[in-house]
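Q: Provided below: model.cif, containing mmCIF, C-alpha atoms.
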data_start
loop_
_atom_site.group_PDB
_atom_site.id
_atom_site.type_symbol
_atom_site.label_atom_id
_atom_site.label_comp_id
_atom_site.auth_asym_id
_atom_site.auth_seq_id
_atom_site.Cartn_x
_atom_site.Cartn_y
_atom_site.Cartn_z
ATOM 1 C CA MET U 1 17.046 24.764 -8.927
ATOM 2 C CA LYS U 2 13.461 24.653 -7.663
ATOM 3 C CA PRO U 3 12.894 22.931 -4.323
ATOM 4 C CA ARG U 4 11.258 19.554 -4.697
ATOM 5 C CA ARG U 5 7.544 19.781 -4.023
ATOM 6 C CA LYS U 6 6.234 17.636 -1.215
ATOM 7 C CA PRO U 7 4.112 14.837 -2.700
ATOM 8 C CA THR U 8 0.433 15.256 -1.972
ATOM 9 C CA ALA U 9 -1.534 12.280 -0.727
ATOM 10 C CA LEU U 10 -4.478 11.148 -2.785
ATOM 11 C CA ARG U 11 -7.922 11.813 -1.377
ATOM 12 C CA LYS U 12 -9.497 8.630 -0.076
ATOM 13 C CA PRO U 13 -12.613 7.763 -2.121
ATOM 14 C CA ASP U 14 -15.788 8.524 -0.173
ATOM 15 C CA TYR U 15 -18.546 8.938 -2.769
ATOM 16 C CA PHE U 16 -20.222 5.907 -4.323
ATOM 17 C CA PRO U 17 -23.405 6.107 -6.455
ATOM 18 C CA ALA U 18 -26.447 4.087 -5.454
ATOM 19 C CA GLY U 19 -26.117 0.568 -6.765
ATOM 20 C CA GLN U 20 -22.320 0.627 -6.595
ATOM 21 C CA VAL U 21 -22.043 -0.428 -2.953
ATOM 22 C CA LEU U 22 -21.664 -4.205 -3.158
ATOM 23 C CA THR U 23 -21.490 -6.619 -0.233
ATOM 24 C CA GLY U 24 -20.338 -10.234 -0.040
ATOM 25 C CA LEU U 25 -19.237 -10.757 -3.640
ATOM 26 C CA ASP U 26 -17.005 -13.637 -4.660
ATOM 27 C CA ALA U 27 -14.719 -13.561 -7.705
ATOM 28 C CA PRO U 28 -17.170 -14.979 -10.292
ATOM 29 C CA ARG U 29 -19.872 -12.484 -9.294
ATOM 30 C CA LEU U 30 -17.403 -9.597 -9.394
ATOM 31 C CA LEU U 31 -16.043 -10.568 -12.805
ATOM 32 C CA ALA U 32 -19.581 -10.905 -14.163
ATOM 33 C CA LEU U 33 -20.031 -7.152 -13.607
ATOM 34 C CA GLY U 34 -17.437 -6.185 -16.190
ATOM 35 C CA ARG U 35 -13.798 -5.131 -16.478
ATOM 36 C CA GLU U 36 -13.929 -1.511 -15.288
ATOM 37 C CA PHE U 37 -15.069 -0.251 -11.902
ATOM 38 C CA GLU U 38 -15.304 3.446 -11.057
ATOM 39 C CA GLN U 39 -16.556 4.718 -7.669
ATOM 40 C CA PHE U 40 -17.424 1.258 -6.335
ATOM 41 C CA HIS U 41 -17.483 0.316 -2.646
ATOM 42 C CA PHE U 42 -16.814 -3.387 -2.044
ATOM 43 C CA ILE U 43 -17.677 -4.676 1.441
ATOM 44 C CA SER U 44 -16.809 -8.101 2.943
ATOM 45 C CA CYS U 45 -15.969 -9.636 -0.436
ATOM 46 C CA GLU U 46 -14.144 -12.991 -0.627
ATOM 47 C CA LEU U 47 -11.570 -12.553 -3.377
ATOM 48 C CA ALA U 48 -8.663 -14.645 -2.104
ATOM 49 C CA GLU U 49 -6.679 -16.109 -5.015
ATOM 50 C CA ALA U 50 -9.012 -14.353 -7.490
ATOM 51 C CA ASP U 51 -7.602 -13.529 -10.910
ATOM 52 C CA LEU U 52 -8.227 -9.790 -11.255
ATOM 53 C CA SER U 53 -5.620 -9.331 -13.984
ATOM 54 C CA GLY U 54 -6.299 -6.556 -16.457
ATOM 55 C CA LEU U 55 -9.233 -5.029 -14.561
ATOM 56 C CA ARG U 56 -9.414 -1.295 -13.860
ATOM 57 C CA PHE U 57 -10.464 0.132 -10.493
ATOM 58 C CA GLU U 58 -10.715 3.907 -10.089
ATOM 59 C CA ASP U 59 -11.807 5.812 -6.953
ATOM 60 C CA CYS U 60 -12.867 2.536 -5.296
ATOM 61 C CA LEU U 61 -12.898 1.374 -1.674
ATOM 62 C CA PHE U 62 -12.429 -2.221 -0.535
ATOM 63 C CA GLU U 63 -13.597 -2.642 3.063
ATOM 64 C CA ARG U 64 -13.184 -5.813 5.165
ATOM 65 C CA CYS U 65 -12.361 -7.796 1.999
ATOM 66 C CA ASN U 66 -10.024 -10.774 1.624
ATOM 67 C CA LEU U 67 -7.777 -10.398 -1.429
ATOM 68 C CA SER U 68 -4.923 -12.588 -0.232
ATOM 69 C CA THR U 69 -2.742 -13.801 -3.125
ATOM 70 C CA ALA U 70 -5.154 -12.266 -5.659
ATOM 71 C CA LYS U 71 -3.545 -11.926 -9.097
ATOM 72 C CA LEU U 72 -3.108 -8.320 -10.271
ATOM 73 C CA GLY U 73 -1.126 -8.664 -13.511
ATOM 74 C CA GLY U 74 -1.734 -5.471 -15.485
ATOM 75 C CA THR U 75 -4.512 -4.406 -13.107
ATOM 76 C CA ALA U 76 -5.087 -0.646 -12.866
ATOM 77 C CA LEU U 77 -5.466 0.628 -9.288
ATOM 78 C CA GLN U 78 -6.120 4.351 -9.627
ATOM 79 C CA ASN U 79 -6.832 5.981 -6.267
ATOM 80 C CA VAL U 80 -8.041 2.779 -4.601
ATOM 81 C CA ALA U 81 -8.358 2.476 -0.816
ATOM 82 C CA PHE U 82 -8.241 -0.680 1.277
ATOM 83 C CA ALA U 83 -9.646 -0.644 4.822
ATOM 84 C CA ASP U 84 -9.393 -3.597 7.230
ATOM 85 C CA CYS U 85 -8.527 -5.940 4.341
ATOM 86 C CA LYS U 86 -6.419 -9.106 4.151
ATOM 87 C CA LEU U 87 -3.873 -8.649 1.362
ATOM 88 C CA LEU U 88 -1.364 -11.358 2.200
ATOM 89 C CA GLY U 89 1.171 -11.989 -0.544
ATOM 90 C CA VAL U 90 -0.440 -9.629 -3.059
ATOM 91 C CA GLN U 91 1.966 -8.616 -5.853
ATOM 92 C CA PHE U 92 1.100 -4.930 -6.262
ATOM 93 C CA SER U 93 4.332 -4.693 -8.274
ATOM 94 C CA ALA U 94 2.470 -6.416 -11.138
ATOM 95 C CA CYS U 95 -0.119 -3.605 -11.399
ATOM 96 C CA GLN U 96 -0.113 -1.020 -14.170
ATOM 97 C CA ASP U 97 2.241 1.840 -13.368
ATOM 98 C CA MET U 98 0.104 4.555 -14.962
ATOM 99 C CA LEU U 99 -1.849 6.516 -12.301
ATOM 100 C CA PHE U 100 -1.106 3.823 -9.699
ATOM 101 C CA GLY U 101 -2.416 5.135 -6.375
ATOM 102 C CA VAL U 102 -3.421 3.254 -3.221
ATOM 103 C CA HIS U 103 -4.233 3.846 0.466
ATOM 104 C CA PHE U 104 -4.192 1.292 3.293
ATOM 105 C CA ASP U 105 -5.840 1.489 6.724
ATOM 106 C CA GLY U 106 -5.815 -1.403 9.189
ATOM 107 C CA CYS U 107 -4.723 -3.909 6.534
ATOM 108 C CA GLN U 108 -2.735 -7.138 6.731
ATOM 109 C CA LEU U 109 -0.019 -6.848 4.071
ATOM 110 C CA ARG U 110 2.382 -9.598 5.062
ATOM 111 C CA TYR U 111 4.535 -10.752 2.114
ATOM 112 C CA ALA U 112 2.979 -8.113 -0.186
ATOM 113 C CA SER U 113 5.286 -6.778 -2.905
ATOM 114 C CA PHE U 114 5.512 -3.170 -4.088
ATOM 115 C CA GLY U 115 8.850 -3.521 -5.869
ATOM 116 C CA GLY U 116 9.586 -0.699 -8.304
ATOM 117 C CA LYS U 117 6.289 1.163 -7.765
ATOM 118 C CA ARG U 118 6.033 4.959 -7.642
ATOM 119 C CA MET U 119 4.018 5.568 -4.467
ATOM 120 C CA ALA U 120 4.842 9.106 -3.372
ATOM 121 C CA GLY U 121 2.568 10.262 -0.555
ATOM 122 C CA THR U 122 1.029 6.814 0.042
ATOM 123 C CA ARG U 123 -0.593 6.366 3.450
ATOM 124 C CA PHE U 124 -0.222 3.159 5.438
ATOM 125 C CA GLY U 125 -2.194 3.448 8.690
ATOM 126 C CA GLN U 126 -2.130 0.780 11.422
ATOM 127 C CA CYS U 127 -1.044 -1.891 8.933
ATOM 128 C CA THR U 128 0.909 -5.103 9.399
ATOM 129 C CA LEU U 129 3.652 -5.026 6.784
ATOM 130 C CA ASP U 130 5.945 -7.754 8.040
ATOM 131 C CA GLU U 131 8.113 -9.160 5.265
ATOM 132 C CA ALA U 132 6.539 -6.882 2.651
ATOM 133 C CA ASP U 133 8.921 -5.805 -0.115
ATOM 134 C CA PHE U 134 9.544 -2.196 -1.224
ATOM 135 C CA THR U 135 12.723 -2.770 -3.249
ATOM 136 C CA ASN U 136 13.341 0.072 -5.752
ATOM 137 C CA ALA U 137 10.023 1.738 -4.853
ATOM 138 C CA ASP U 138 9.528 5.503 -4.555
ATOM 139 C CA LEU U 139 7.843 6.201 -1.205
ATOM 140 C CA SER U 140 8.680 9.896 -0.984
ATOM 141 C CA GLY U 141 6.486 11.518 1.647
ATOM 142 C CA ALA U 142 4.759 8.232 2.527
ATOM 143 C CA SER U 143 3.330 7.721 6.007
ATOM 144 C CA PHE U 144 3.642 4.512 8.042
ATOM 145 C CA ALA U 145 1.513 5.580 11.019
ATOM 146 C CA GLY U 146 1.288 2.823 13.629
ATOM 147 C CA CYS U 147 2.587 0.162 11.219
ATOM 148 C CA ASP U 148 4.499 -3.003 12.130
ATOM 149 C CA LEU U 149 7.491 -3.230 9.760
ATOM 150 C CA THR U 150 9.054 -6.464 11.024
ATOM 151 C CA ARG U 151 11.500 -7.718 8.368
ATOM 152 C CA THR U 152 9.985 -5.359 5.795
ATOM 153 C CA GLY U 153 12.368 -5.093 2.846
ATOM 154 C CA PHE U 154 13.662 -1.616 1.976
ATOM 155 C CA HIS U 155 16.440 -1.797 -0.633
ATOM 156 C CA SER U 156 17.304 1.081 -2.983
ATOM 157 C CA THR U 157 14.019 2.605 -1.803
ATOM 158 C CA VAL U 158 13.345 6.348 -2.005
ATOM 159 C CA LEU U 159 12.012 7.343 1.420
ATOM 160 C CA ALA U 160 12.691 11.089 1.299
ATOM 161 C CA GLY U 161 10.311 12.846 3.668
ATOM 162 C CA ALA U 162 8.628 9.603 4.746
ATOM 163 C CA ASP U 163 7.122 9.480 8.253
ATOM 164 C CA PHE U 164 8.199 6.596 10.497
ATOM 165 C CA THR U 165 7.606 8.385 13.805
ATOM 166 C CA THR U 166 4.968 5.902 15.040
ATOM 167 C CA ALA U 167 6.098 2.837 13.041
ATOM 168 C CA THR U 168 7.688 -0.097 14.871
ATOM 169 C CA ASN U 169 10.183 -2.900 14.240
ATOM 170 C CA TYR U 170 11.763 -1.414 11.117
ATOM 171 C CA ALA U 171 15.347 -1.930 10.013
ATOM 172 C CA LEU U 172 16.559 0.559 7.398
ATOM 173 C CA ASP U 173 20.051 0.885 5.976
ATOM 174 C CA PRO U 174 20.776 4.613 5.404
ATOM 175 C CA GLU U 175 23.552 3.626 2.986
ATOM 176 C CA THR U 176 21.288 1.764 0.549
ATOM 177 C CA ASN U 177 18.082 3.838 0.838
ATOM 178 C CA THR U 178 17.335 7.546 0.287
ATOM 179 C CA LEU U 179 16.238 8.929 3.667
ATOM 180 C CA THR U 180 16.622 12.695 3.157
ATOM 181 C CA GLY U 181 14.091 14.449 5.395
ATOM 182 C CA ALA U 182 12.535 11.194 6.633
ATOM 183 C CA ARG U 183 11.132 11.425 10.160
ATOM 184 C CA PHE U 184 11.851 8.964 12.971
ATOM 185 C CA ALA U 185 11.124 8.812 16.673
ATOM 186 C CA LEU U 186 14.128 8.636 18.997
ATOM 187 C CA ALA U 187 12.997 5.175 20.118
ATOM 188 C CA GLY U 188 13.281 3.954 16.527
ATOM 189 C CA LEU U 189 16.951 4.870 16.042
ATOM 190 C CA PRO U 190 18.154 1.295 16.636
ATOM 191 C CA GLY U 191 16.306 0.376 13.438
ATOM 192 C CA LEU U 192 18.715 2.603 11.512
ATOM 193 C CA LEU U 193 21.809 1.190 13.174
ATOM 194 C CA ALA U 194 21.053 -2.541 13.134
ATOM 195 C CA LYS U 195 23.650 -3.428 10.477
ATOM 196 C CA HIS U 196 26.412 -1.864 12.560
ATOM 197 C CA ASP U 197 25.687 -3.998 15.664
ATOM 198 C CA LEU U 198 25.614 -0.882 17.795
ATOM 199 C CA VAL U 199 23.842 -0.869 21.156
ATOM 200 C CA VAL U 200 21.699 2.192 21.907
ATOM 201 C CA GLU U 201 20.855 2.578 25.611
#
The structure given in the file should be rewritten as structure tokens.
A:
Amino acid sequence: MKPRRKPTALRKPDYFPAGQVLTGLDAPRLLALGREFEQFHFISCELAEADLSGLRFEDCLFERCNLSTAKLGGTALQNVAFADCKLLGVQFSACQDMLFGVHFDGCQLRYASFGGKRMAGTRFGQCTLDEADFTNADLSGASFAGCDLTRTGFHSTVLAGADFTTATNYALDPETNTLTGARFALAGLPGLLAKHDLVVE
């Protein structure tokens, strides 16, 4: 049997044609531009509670945007990066599965849901993920560098090869999640033993 290949992280979008760097949009102005966005850079846009259902974003970057509780039913996020964004309560689980690919740096993702998504190699950097939900998600090879995982939900989650070495406040049950090859710092071991009420000194 061939060894399982390590998932490769998507390359963060960094090229945006002139005229496709947009600052300060609200939802009506964004929706007036069409239904498909490729190689767009959105800066400081106010999209909280916006209905973005059915739109397609490919190789896009959202920077310092507020998308809290935005609706993403059937939305295509294909290699889309979020930097310093507010994404509170966003249901990423409602997005299209085909070519779903996201990156997060410095984002607030409290109460966000990724249930059932295939997210191998996804990077979460310096994010607040408290009470986010990853039930039944595939996070093989994902990185949680510097992330706060307070009460983050991992249930039947594939975390093979995931990197938790600099993550904090996580509680993971090795019996209900796949942790083969996942990396942890020694200081984080209590997060793997919480259900057993063991004391690590």
Q: Have a look at U:Leu139, U:Cys147, U:Leu172, U:Ala167 and name the one nearest to Ala187 of chain U; count all atoms listed in the file.
A: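 Between U:Leu139, U:Cys147, U:Leu172, U:Ala167, the residue approaching Ala187 of chain U most closely is U:Ala167.
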Q: Find the distance between atom CA of Asp130 of chain U and atom CA of Phe100 of chain U and write it in Å to one decimal.
A: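 For atom CA of Asp130 of chain U relative to atom CA of Phe100 of chain U, the distance reads 22.3 Å.
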Q: Would you please work out which residue, of U:Gln91, U:Asn79, U:Ser140, U:Ser68, is nearest to Ser53 of chain U when using only C-alpha atoms?
A: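 Ranking U:Gln91, U:Asn79, U:Ser140, U:Ser68 by distance to Ser53 of chain U, first place goes to U:Gln91.
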Q: Using the chain letters and numbers from the file, which residues does the PyMOL selection byres ((chain U and resi 54) around 7) grab, as a PyMOL selection string?
A: chain U and resi 52-53+55-56+73-75
Q: Would you please work out which residue, of U:Ser93, U:Gln108, U:Asn136, U:Gln126, is nearest to Asn66 of chain U when using all atoms listed in the file?
A: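 Closest to Asn66 of chain U of all the choices is U:Gln108.
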